[in-house]
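This is input00.cif. It holds mmCIF, C-alpha atoms.
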data_final
#
loop_
_atom_site.label_atom_id
_atom_site.label_comp_id
_atom_site.auth_asym_id
_atom_site.auth_seq_id
_atom_site.Cartn_x
_atom_site.Cartn_y
_atom_site.Cartn_z
CA MET L 1 98.25 93.51 105.49
CA ASN L 2 96.54 96.49 103.90
CA PRO L 3 92.98 96.60 105.31
CA TYR L 4 91.66 98.54 102.32
CA ASP L 5 90.63 97.22 98.91
CA ALA L 6 92.43 98.94 96.04
CA ASP L 7 89.41 98.38 93.79
CA THR L 8 86.90 100.05 96.11
CA ASN L 9 89.00 102.38 98.28
CA PRO L 10 92.05 103.36 96.21
CA GLY L 11 92.68 106.50 98.29
CA PRO L 12 93.10 104.89 101.74
CA TYR L 13 94.81 101.92 100.09
CA LEU L 14 97.54 104.18 98.70
CA VAL L 15 97.95 105.98 102.03
CA VAL L 16 98.51 102.68 103.85
CA GLU L 17 100.95 101.46 101.20
CA VAL L 18 103.01 104.66 101.24
CA LEU L 19 102.95 105.49 104.96
CA GLY L 20 102.76 101.99 106.42
CA VAL L 21 99.96 102.85 108.86
CA GLY L 22 97.19 100.46 109.88
CA ASP L 23 94.43 103.05 109.85
CA VAL L 24 93.79 106.05 107.62
CA SER L 25 92.79 108.70 110.13
CA VAL L 26 94.19 112.00 111.33
CA HIS L 27 94.86 110.44 114.75
CA ALA L 28 97.04 107.75 113.15
CA LEU L 29 99.09 110.37 111.28
CA ALA L 30 99.23 113.19 113.86
CA HIS L 31 98.48 112.90 117.56
CA GLY L 32 97.12 116.37 118.26
CA PRO L 33 95.75 119.49 116.54
CA GLU L 34 98.69 121.55 117.78
CA GLU L 35 101.19 119.46 115.84
CA PRO L 36 102.46 120.86 112.52
CA LEU L 37 101.72 117.45 111.02
CA HIS L 38 98.02 117.80 111.77
CA GLN L 39 97.19 120.03 108.81
CA ALA L 40 99.28 117.90 106.45
CA ALA L 41 97.58 114.75 107.75
CA THR L 42 94.17 116.34 107.27
CA ARG L 43 95.01 117.13 103.65
CA VAL L 44 96.08 113.52 103.11
CA ILE L 45 92.79 112.21 104.53
CA GLU L 46 90.74 114.65 102.45
CA ALA L 47 92.66 113.81 99.27
CA ALA L 48 92.18 110.08 99.89
CA ALA L 49 88.43 110.59 100.35
CA ALA L 50 88.28 112.71 97.17
CA LEU L 51 90.01 109.97 95.16
CA ASP L 52 87.50 107.40 96.46
CA GLU L 53 84.64 109.68 95.44
CA ARG L 54 85.98 110.19 91.91
CA HIS L 55 86.69 106.47 91.61
CA GLU L 56 83.10 105.64 92.49
CA SER L 57 81.82 108.14 89.92
CA VAL L 58 83.93 106.53 87.21
CA LEU L 59 82.65 103.06 88.14
CA ASN L 60 79.06 104.29 87.94
CA ALA L 61 79.69 105.80 84.49
CA VAL L 62 81.29 102.58 83.26
CA GLN L 63 78.36 100.52 84.53
CA ARG L 64 75.89 102.81 82.74
CA ALA L 65 77.83 102.41 79.51
CA GLN L 66 77.91 98.64 79.93
CA ARG L 67 74.14 98.49 80.36
CA LEU L 68 73.69 100.51 77.18
CA LEU L 69 75.81 98.04 75.24
CA GLU L 70 74.18 94.88 76.60
CA GLY L 71 71.57 94.75 73.85
CA THR L 72 74.18 95.28 71.15
CA GLY L 73 76.26 92.47 72.63
CA ARG L 74 73.30 90.13 72.30
CA GLY L 75 72.80 91.12 68.66
CA GLU L 76 69.65 93.21 69.19
CA VAL L 77 70.13 95.56 66.22
CA GLY L 78 67.00 97.64 66.84
CA ARG L 79 68.12 98.39 70.38
CA ALA L 80 71.63 99.21 69.24
CA GLN L 81 70.57 102.46 67.59
CA VAL L 82 69.06 103.71 70.85
CA SER L 83 72.10 102.55 72.79
CA TYR L 84 74.54 104.39 70.53
CA ALA L 85 72.51 107.60 70.84
CA LEU L 86 72.63 107.37 74.61
CA LEU L 87 76.32 106.50 74.55
CA ARG L 88 77.10 109.78 72.83
CA THR L 89 76.00 111.42 76.07
CA ALA L 90 77.45 108.82 78.43
CA LEU L 91 80.96 108.67 76.99
CA PRO L 92 81.82 112.36 77.53
CA ASP L 93 80.69 111.95 81.15
CA LEU L 94 82.99 108.95 81.48
CA GLY L 95 85.88 110.93 79.98
CA ASP L 96 85.32 113.80 82.41
CA GLY L 97 85.14 111.36 85.31
CA LEU L 98 88.45 109.76 84.33
CA ALA L 99 90.11 113.16 84.06
CA GLN L 100 88.81 114.14 87.52
CA GLN L 101 89.98 110.82 88.94
CA ASP L 102 93.44 111.40 87.52
CA ARG L 103 93.58 114.87 89.11
CA ALA L 104 92.41 113.46 92.44
CA TYR L 105 95.14 110.83 92.30
CA SER L 106 97.78 113.48 91.57
CA GLN L 107 96.54 115.60 94.47
CA LEU L 108 96.77 112.63 96.83
CA VAL L 109 100.32 111.89 95.71
CA GLU L 110 101.25 115.55 96.26
CA SER L 111 99.67 115.61 99.72
CA LEU L 112 101.50 112.40 100.66
CA SER L 113 104.80 113.86 99.47
CA ALA L 114 104.18 117.06 101.46
CA TYR L 115 103.33 115.04 104.57
CA ARG L 116 106.49 112.95 104.22
CA ARG L 117 108.65 116.04 103.73
CA LEU L 118 107.23 117.54 106.90
CA LEU L 119 107.64 114.24 108.70
CA SER L 120 111.32 114.05 107.76
CA SER L 121 111.95 117.57 109.07
CA PRO L 122 113.33 117.44 112.64
CA GLU L 123 111.52 120.57 113.81
CA PRO L 124 107.89 119.35 113.87
CA ALA L 125 108.83 115.94 115.18
CA GLN L 126 110.92 117.48 117.94
CA HIS L 127 107.96 119.68 118.82
CA ALA L 128 105.77 116.59 119.16
CA SER L 129 108.41 114.89 121.31
CA ASN L 130 108.64 117.93 123.59
CA LYS L 131 104.85 118.00 123.89
CA SER L 132 104.70 114.40 125.04
CA HIS L 133 107.77 114.21 127.27
CA GLY L 134 108.54 117.75 128.43
CA GLN L 135 110.77 120.49 127.12
CA GLY L 136 113.82 119.13 128.93
CA GLN L 137 114.23 116.10 126.64
CA LYS L 138 117.20 116.35 124.31
CA THR L 139 118.17 114.47 121.21
CA ARG L 140 121.61 112.98 120.83
CA PRO L 141 124.36 115.48 120.00
CA HIS L 142 125.80 115.82 116.51
CA ARG L 143 122.82 114.05 114.92
CA ASP L 144 119.87 115.65 113.15
CA ASP L 145 117.66 112.55 113.19
CA GLY L 146 117.21 112.09 116.94
CA TRP L 147 113.49 112.78 116.46
CA ALA L 148 113.19 109.47 114.57
CA VAL L 149 113.64 107.45 117.78
CA ALA L 150 112.31 110.04 120.22
CA GLY L 151 109.55 109.08 122.61
CA GLU L 152 108.02 105.73 121.68
CA ARG L 153 108.99 105.70 117.98
CA GLY L 154 111.96 103.37 118.41
CA LEU L 155 110.08 100.92 120.62
CA VAL L 156 107.06 100.94 118.29
CA ALA L 157 109.31 100.01 115.36
CA LEU L 158 111.05 97.24 117.30
CA GLU L 159 107.70 95.83 118.43
CA ALA L 160 106.40 95.82 114.86
CA VAL L 161 109.49 94.09 113.48
CA ALA L 162 109.36 91.51 116.27
CA ALA L 163 105.78 90.70 115.21
CA GLY L 164 107.07 89.90 111.71
CA GLY L 165 106.23 90.88 108.15
CA VAL L 166 107.68 94.42 108.24
CA ARG L 167 109.43 95.52 105.05
CA PHE L 168 111.34 98.62 104.01
CA ARG L 169 110.13 99.71 100.56
CA ARG L 170 110.40 102.56 98.11
CA ASN L 171 107.56 104.07 96.14
CA ALA L 172 108.05 104.12 92.39
CA ILE L 173 106.62 107.65 92.49
CA GLY L 174 109.43 109.87 93.70
CA GLU L 175 111.47 107.03 95.23
CA ASP L 176 110.04 107.89 98.66
CA PRO L 177 110.74 105.23 101.33
CA TYR L 178 107.90 103.71 103.31
CA ILE L 179 107.17 100.76 105.59
CA SER L 180 104.71 97.97 104.79
CA ARG L 181 103.34 95.80 107.60
CA GLU L 182 101.56 92.51 107.01
CA LYS L 183 100.21 92.32 110.57
CA ALA L 184 99.29 95.96 111.20
CA GLN L 185 96.00 96.66 112.97
CA TRP L 186 93.98 99.86 112.71
CA GLN L 187 94.94 100.97 116.22
CA ASP L 188 98.69 100.43 115.70
CA SER L 189 100.98 103.45 115.77
CA ALA L 190 102.79 104.37 112.57
CA VAL L 191 106.29 103.06 111.90
CA PHE L 192 108.27 105.76 110.14
CA PRO L 193 110.88 104.84 107.52
CA GLN L 194 113.28 107.33 109.08
CA THR L 195 112.98 105.44 112.38
CA VAL L 196 113.78 102.15 110.65
CA GLN L 197 116.75 103.69 108.84
CA ARG L 198 118.07 105.02 112.16
CA LEU L 199 117.67 101.65 113.89
CA VAL L 200 119.37 99.88 110.98
CA ALA L 201 122.24 102.38 111.15
CA ASP L 202 122.53 101.85 114.92
CA GLY L 203 122.66 98.08 114.51
CA LEU L 204 119.30 97.29 116.13
CA LEU L 205 117.63 96.12 112.91
CA HIS L 206 118.81 94.07 109.95
CA GLN L 207 117.55 95.00 106.48
CA ASP L 208 117.70 92.27 103.84
CA ILE L 209 119.14 94.21 100.93
CA THR L 210 119.19 91.10 98.73
CA GLU L 211 115.43 91.59 98.16
CA ASN L 212 113.90 94.09 95.74
CA VAL L 213 113.24 97.35 97.58
CA TYR L 214 110.15 98.08 95.43
CA ARG L 215 108.39 94.72 95.56
CA PRO L 216 108.15 92.78 97.76
CA GLY L 217 110.38 95.12 99.79
CA GLN L 218 113.34 94.37 102.02
CA LEU L 219 112.40 92.32 105.08
CA LEU L 220 113.45 93.69 108.47
CA SER L 221 114.50 91.62 111.46
CA LEU L 222 115.87 92.25 114.94
CA THR L 223 119.58 91.93 115.59
CA ALA L 224 120.85 90.67 118.94
CA GLN L 225 121.29 94.30 119.97
CA GLY L 226 117.77 95.04 118.84
CA GLU L 227 116.35 92.16 120.86
CA ALA L 228 118.13 93.50 123.95
CA ALA L 229 116.78 97.00 123.28
CA LEU L 230 113.27 95.62 122.89
CA ARG L 231 113.49 93.77 126.20
CA ASP L 232 114.77 96.93 127.87
CA GLY L 233 112.00 99.02 126.32
CA ARG L 234 109.28 96.60 127.43
CA ALA L 235 110.70 96.45 130.94
CA THR L 236 110.87 100.24 131.18
CA THR L 237 107.29 100.57 129.96
CA SER L 238 106.15 98.09 132.60
CA ARG L 239 108.00 99.97 135.34
CA VAL L 240 106.55 103.32 134.27
CA SER L 241 103.03 101.87 134.08
CA ALA L 242 103.40 100.43 137.57
CA ALA L 243 104.71 103.76 138.88
CA LEU L 244 101.80 105.62 137.30
CA GLY L 245 99.37 103.18 138.91
CA ARG L 246 100.88 103.66 142.34
CA THR L 247 100.95 107.44 141.99
CA THR L 248 97.34 107.55 140.82
CA THR L 249 96.26 105.41 143.78
CA ARG L 250 98.02 107.67 146.29
CA ASN L 251 96.71 110.88 144.76
CA THR L 252 93.27 111.58 146.27
CA SER L 253 92.33 113.82 143.36
CA GLY L 254 92.98 111.00 140.92
CA ALA L 255 95.24 113.17 138.75
CA LEU L 256 99.00 113.26 138.40
CA SER L 257 100.61 116.53 139.36
CA ASP L 258 102.91 116.53 136.35
CA PRO L 259 102.42 113.63 133.89
CA ALA L 260 105.00 115.11 131.50
CA ALA L 261 107.67 114.72 134.16
CA VAL L 262 107.47 110.91 134.18
CA PRO L 263 110.65 109.69 132.49
CA VAL L 264 110.40 107.24 129.63
CA ALA L 265 113.93 105.90 129.38
CA ARG L 266 115.12 104.23 126.22
CA ALA L 267 118.80 103.80 126.95
CA SER L 268 119.35 101.01 124.47
CA LEU L 269 117.62 102.91 121.67
CA ALA L 270 119.68 106.04 122.32
CA THR L 271 123.11 104.41 122.12
CA PRO L 272 125.13 106.25 119.47
CA ARG L 273 126.42 104.14 116.64
CA SER L 274 130.19 103.89 116.27
CA ARG L 275 131.70 106.08 113.64
#

Write out the structure in this file as structure tokens.
Amino acid sequence: MNPYDADTNPGPYLVVEVLGVGDVSVHALAHGPEEPLHQAATRVIEAAAALDERHESVLNAVQRAQRLLEGTGRGEVGRAQVSYALLRTALPDLGDGLAQQDRAYSQLVESLSAYRRLLSSPEPAQHASNKSHGQGQKTRPHRDDGWAVAGERGLVALEAVAAGGVRFRRNAIGEDPYISREKAQWQDSAVFPQTVQRLVADGLLHQDITENVYRPGQLLSLTAQGEAALRDGRATTSRVSAALGRTTTRNTSGALSDPAAVPVARASLATPRSR
């Protein structure tokens, strides 16, 4: 469910709808300042805040105009002349506010499109994967979308689908794909549409194409292979967490010598699909 109200926070509301995140923050969109996505995410956040600001200005202008017309609505003719005089000043302000709101909306759409283009590029995502899991990690050969399931992305998507209410959708603006999540919480990691498309192609997820892709969106569910991959991913995570706990206990300094060297295996998620 989208935690933002479209009537009061249209900027963050649109970000959640398009990107399928549970929280509109730079941390939710990019995990570190060194990532190429960080600047794009910052622009998205700033554009969303700007749209909220313009939206509030328009609402204030509308409310002022409504107050000026209250007397006229009650048939107070003497007050109507004063109201009309004031409206001649208020209406241009309202028109300017609407124009600024429209520009803010366009800028947010452009920043979202730029973020999604960068997100779909394998280079920045591979950089983020290398940062988290070491430079030795490789994507599968002969595929240019290995970044989509690198690191924890595949497991995060499987976990979200298992929780229910995850739909693959397309935005009417530009036909961009995105993921909507009924049960997303603010701290949840993002589920990328490219990750879902990869898991569908690999047979781990089922996408109900009988539903409208725009609204309500096409419901996703785990296949038998996806359920097995999810069990494997959870088991691996538990084993790694236990190993980290044991290593931390043994280390008198309380720090791991090389955290990036800890393997995070996702064998089931990395199985190539048959061609």

Would you place a box with edges along x, y and z of the file around all atoms of stretch 162-170 of chain L listed there, add 6 Å to each of its six sides, and report the centre and edge lengths in Å to one decimal, as AutoDock Vina command-line options?
--center_x 108.6 --center_y 96.2 --center_z 107.2 --size_x 17.6 --size_y 24.7 --size_z 30.2

Choose the residue, out of L:Leu220, L:Leu98, L:Ala242, L:Ala229, that has the smallest atom-to-atom separation from L:Gly164; count all atoms listed in the file.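 Of all the options, L:Leu220 lies closest to L:Gly164.
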
Translate the PyMOL selection byres ((chain L and resi 106) around 12), as applied to the file shown, into an explicit residue set as number ranges by chain. L: 11, 14, 44, 47-48, 50-51, 99-105, 107-113, 173

Residue by residue, what does the PyMOL selection byres ((chain L and resi 23-30) around 9) grab here? Present the result as a ChimeraX atom specification. /L:3,12-13,15-16,19,21-22,31-33,35-42,44-45,48,184-190

Rounded to one decimal place, report the atom CA of L:Pro216-atom CA of L:Val200 distance in Å. 18.7 Å

Nearest to L:Gly217, restricted to all atoms listed in the file and choosing among L:Glu46, L:Glu152, L:Glu182, L:Glu56, comes out as L:Glu182

Which residues come within 10 Å of L:Ala224, counting all atoms listed in the file, excluding same-chain residues fewer than 4 positions away, as a VMD selection string? chain L and resid 203 to 206 228 to 230

Residues near L:Asp176, cut-off 12 Å, all atoms listed in the file, skip fewer than 4 positions along chain, as an mmCIF file with C-alpha atoms, keeping the file's coordinate frame:
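Result file is out34.cif:
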data_model
loop_
_atom_site.group_PDB
_atom_site.id
_atom_site.type_symbol
_atom_site.label_atom_id
_atom_site.label_comp_id
_atom_site.auth_asym_id
_atom_site.auth_seq_id
_atom_site.Cartn_x
_atom_site.Cartn_y
_atom_site.Cartn_z
ATOM 1 C CA GLU L 17 100.950 101.460 101.200
ATOM 2 C CA VAL L 18 103.010 104.660 101.240
ATOM 3 C CA LEU L 19 102.950 105.490 104.960
ATOM 4 C CA VAL L 109 100.320 111.890 95.710
ATOM 5 C CA GLU L 110 101.250 115.550 96.260
ATOM 6 C CA LEU L 112 101.500 112.400 100.660
ATOM 7 C CA SER L 113 104.800 113.860 99.470
ATOM 8 C CA ALA L 114 104.180 117.060 101.460
ATOM 9 C CA TYR L 115 103.330 115.040 104.570
ATOM 10 C CA ARG L 116 106.490 112.950 104.220
ATOM 11 C CA ARG L 117 108.650 116.040 103.730
ATOM 12 C CA SER L 120 111.320 114.050 107.760
ATOM 13 C CA PHE L 168 111.340 98.620 104.010
ATOM 14 C CA ARG L 169 110.130 99.710 100.560
ATOM 15 C CA ARG L 170 110.400 102.560 98.110
ATOM 16 C CA ASN L 171 107.560 104.070 96.140
ATOM 17 C CA ALA L 172 108.050 104.120 92.390
ATOM 18 C CA PHE L 192 108.270 105.760 110.140
ATOM 19 C CA PRO L 193 110.880 104.840 107.520
ATOM 20 C CA GLN L 194 113.280 107.330 109.080
ATOM 21 C CA VAL L 213 113.240 97.350 97.580
ATOM 22 C CA TYR L 214 110.150 98.080 95.430
#

Two-atom distance - atom CA of L:Arg43, atom CA of L:Asn2 (Å): 20.7 Å

Can you measure atom CA of L:Ala160 to atom CA of L:Glu175 for me? One decimal in Å is fine.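 Straight-line distance from atom CA of L:Ala160 to atom CA of L:Glu175 works out to 23.2 Å.
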
What's around L:Gln218 at 8 Å? Count only C-alpha atoms, leave out sequence neighbours fewer than 4 positions away in its own chain, and write the answer as a PyMOL selection string. chain L and resi 167-169+207-213

L:Val166, L:Leu199, L:Met1, L:Leu119: which is nearest L:Gly226, counting all atoms listed in the file?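 Checking each of L:Val166, L:Leu199, L:Met1, L:Leu119 against L:Gly226, counting all atoms listed in the file, the winner is L:Leu199.
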